Amino acid sequence: MTPDDLSRILFDLVNGIAERRRAAGEEVSLQLTADQVTLERPKLREHGDWASSIAMRVARPLGANPREIAAELATELGEVDGVASAEVAGPGFINIRLDAAAAGALAKTIVDAGPAYGHSDALAGNVINLEFVSANPTGPLHIGHTRWAALGDAMSRVLRAAGAEVANEYYINDAGTQMDNFGASVLAAAKGEPTPENGYPGPYISDLATRVLEREPHLLELPGDVALHTAKEIAYELQLAEIRASLERFNVHFDVWTSERRLQDRGDDGLSDVDTAVERLRAQGHVFDADGAVWVRTTDFGDDKDRVIRRSNGEYTYFAADAAYYLDKSDRGFTKKIYLLGADHHGYIHRLRALAGAAGDDPERDIQVYIGQLVSINGAKLSKRAGNIIELDDLQAWLGTDALRYTLARYPADSPLTIDPEILTRRTNDNPVFYVQYAHARTAAVDRNAASVGVDRSTFAPELLTHETESALLGGLQEFPRIVAHAAELLEPHRVARYIEELAGLYHRWYDNCRVLPLGDEPVGDLHRTRLWLNDATGQVIRNGLDLLGVSAPERM
């Protein structure tokens, strides 16, 4: 019996009580939906497998005392197949214990479901654009981008597991002054000249200059403006390709790469998407003209000041590109936009929410902006190529993709983080990713050893899973779908990491107390075969959890 099964049973029982009271002439105003009947794991295992506070929720509309309703529900629950006992506690809680067969049946359910276990339709119908990383194509990805990459990709995975339709998007900030400065830096390096003012320093610029000259050997013979444009365009192409390759190696995939230039390109009518965006916002009634400039009245939506979208000299501000990009996402059918931005983007929160309101959307529902906090690594060396940053490629080579991704996804986005490489490179239980991966490898080893002595899954007798560690392990396995749905709803993939760490602990304790393999000459029995189902179910859930974090599940360690 799954938690969903039990919730549906409680929902039906509560409605049954309401119907009986109505039939008796009582006035009942109960309006209960199935998703309001929730279950919790009791803090103490001796209190049962599940606890519900539904009696306290429905007591007033049913016109009764919460303990009275709880007692009525407990009596009826006690007669349900698979429920061993139901007891009233405190002001109206119901503690529910499943019998071994009902609890143990979950092991087969998980094995049969495979990678789909933990998935749900909790967020079905949501069409989400998730933008993250979006680093300027003027240099290599650094440690901050690494964190946003790991978090953003894990967010996308849990959202999809909860039934949402998600597109991972990278916004290429490839227009404006920074690109001109980038091109000038590469051209100067090609000429053997110092980095220009406001340019980009670092040996990586010299590397790019060498590669640009290989692509265009006559670069230095070209007229000044042509040489600058050529250097900028080739270096941009090379640097963006490096960024893409770094992310792919980090197991982070983007569905859409959107260029800022595309939004500024003029069509046959002479207008760009930025031009059109201003007029569309004006049509919504939130654009006004003052002091020769064009403004958006973002204070109507909680911004601290109104924003200039077009200066008096006719030039657009960055806010104009933001507006065009936001509307572009809406035009592509995304009803919800999620932004994961760097620690230096706090000012964007009110600005983007106000923009959503000005575009006719609901800032409370249609947009979410997350600011990822800084991350540091003890003893990390600065990049030899970039000189002043810690590069993603260097981090990955040093710590490994799994350790890096797991650690970065293990904490909330708004939590500053310091990583200890000494712990991450240990093959011990104080290294969280090793601890979880080792639990998975142990389930695979049990599988291999079971096959060698003739233990298979030909029999499943869940009523035999009566040991206290089996009850605890099954209870943990039951939690996975709820954890995934909650992680998706709150956009907190770290909940999955913390969950599989707890599950690994439950598994290790079970492994120490319950044998899958017979001892000595002991014949293979149904208990061994059934425990193999439980072993395999645990391996599947750990594997599913690691996959949501973009981390591998090794079978040998």
# chains A, B, ... in the order shown; residues from 1 in each chain; ligands from 1
$ residues_around --residues "Glu260 of chain A" --least-positions-apart "2" --cutoff "12 Å" --atoms "only C-alpha atoms" --output "ChimeraX atom specification"
/A:134,136-137,170-176,179,257-258,262-265,272-274,318,320-326,328
$ select_by_dssp --residues "segment 187-341 of chain A" --states "strand (DSSP E)" --output "PyMOL selection string"
chain A and resi 256-259+287-290+293-296+307-310+336-341
$ select_by_dssp --residues "segment 254-291 of chain A" --states "alpha helix (DSSP H)" --output "VMD selection string"
chain A and resid 260 to 264 273 to 283
$ closest_residue --among "A:His218, A:His47, A:Lys108, A:His229" --to "Ser185 of chain A" --atoms "only C-alpha atoms"
A:His229
$ atom_distance --atom1 "atom CA of Thr299 of chain A" --atom2 "atom CA of Glu131 of chain A"
24.8 Å
$ closest_residue --among "A:Ala135, A:Val287, A:Ile205, A:Leu417" --to "Gly342 of chain A" --atoms "only C-alpha atoms"
A:Ala135
$ atom_distance --atom1 "atom CA of Thr317 of chain A" --atom2 "atom CA of Trp295 of chain A"
10.4 Å
$ residues_around --residues "Gly525 of chain A" --least-positions-apart "2" --cutoff "12 Å" --atoms "only C-alpha atoms" --output "ChimeraX atom specification"
/A:453-461,464,515-519,521-523,527-532
$ residues_around --residues "Arg482 of chain A" --least-positions-apart "5" --cutoff "12 Å" --atoms "only C-alpha atoms" --output "list in words"
Thr2, Pro3, Asp4, Thr38, Leu39, Glu40, Arg41, Tyr117, Gly118, His119, Ser120, Asp121, Ala122, Val158, Ala161, Ala162, Gly476, Leu477, Ala487, Ala488, Glu489, Arg495, Val496 and Tyr499 of chain A
$ residues_around --residues "Ala397 of chain A" --least-positions-apart "5" --cutoff "12 Å" --atoms "only C-alpha atoms" --output "ChimeraX atom specification"
/A:246,249-250,390-392,402-404,425
$ write_last_selection --atoms "C-alpha atoms" --output "PDB file, in the first residue's frame"
ATOM      1  CA  SER A 246      32.526  22.409 -20.802  1.00  0.00           C
ATOM      2  CA  ARG A 249      31.356  17.378 -20.080  1.00  0.00           C
ATOM      3  CA  PHE A 250      29.682  18.468 -16.842  1.00  0.00           C
ATOM      4  CA  ILE A 390      38.683  29.112 -10.845  1.00  0.00           C
ATOM      5  CA  GLU A 391      37.524  27.424 -14.047  1.00  0.00           C
ATOM      6  CA  LEU A 392      34.866  24.750 -14.383  1.00  0.00           C
ATOM      7  CA  ASP A 402      30.012  13.400  -9.602  1.00  0.00           C
ATOM      8  CA  ALA A 403      31.547  14.883  -6.449  1.00  0.00           C
ATOM      9  CA  LEU A 404      31.240  18.421  -7.788  1.00  0.00           C
ATOM     10  CA  THR A 425      38.336  13.210  -2.564  1.00  0.00           C
TER      11      THR A 425
END
$ atom_distance --atom1 "atom CA of Ser53 of chain A" --atom2 "atom CA of Glu502 of chain A"
24.7 Å
$ residues_around --residues "Thr443 of chain A" --least-positions-apart "4" --cutoff "9 Å" --atoms "only C-alpha atoms" --output "MDAnalysis selection string"
chainID A and resid 438:439 447:448 507 535:536 538:539 555
$ closest_residue --among "A:Asn95, A:Gln284, A:Asn65, A:Thr401" --to "Leu77 of chain A" --atoms "only C-alpha atoms"
A:Asn95
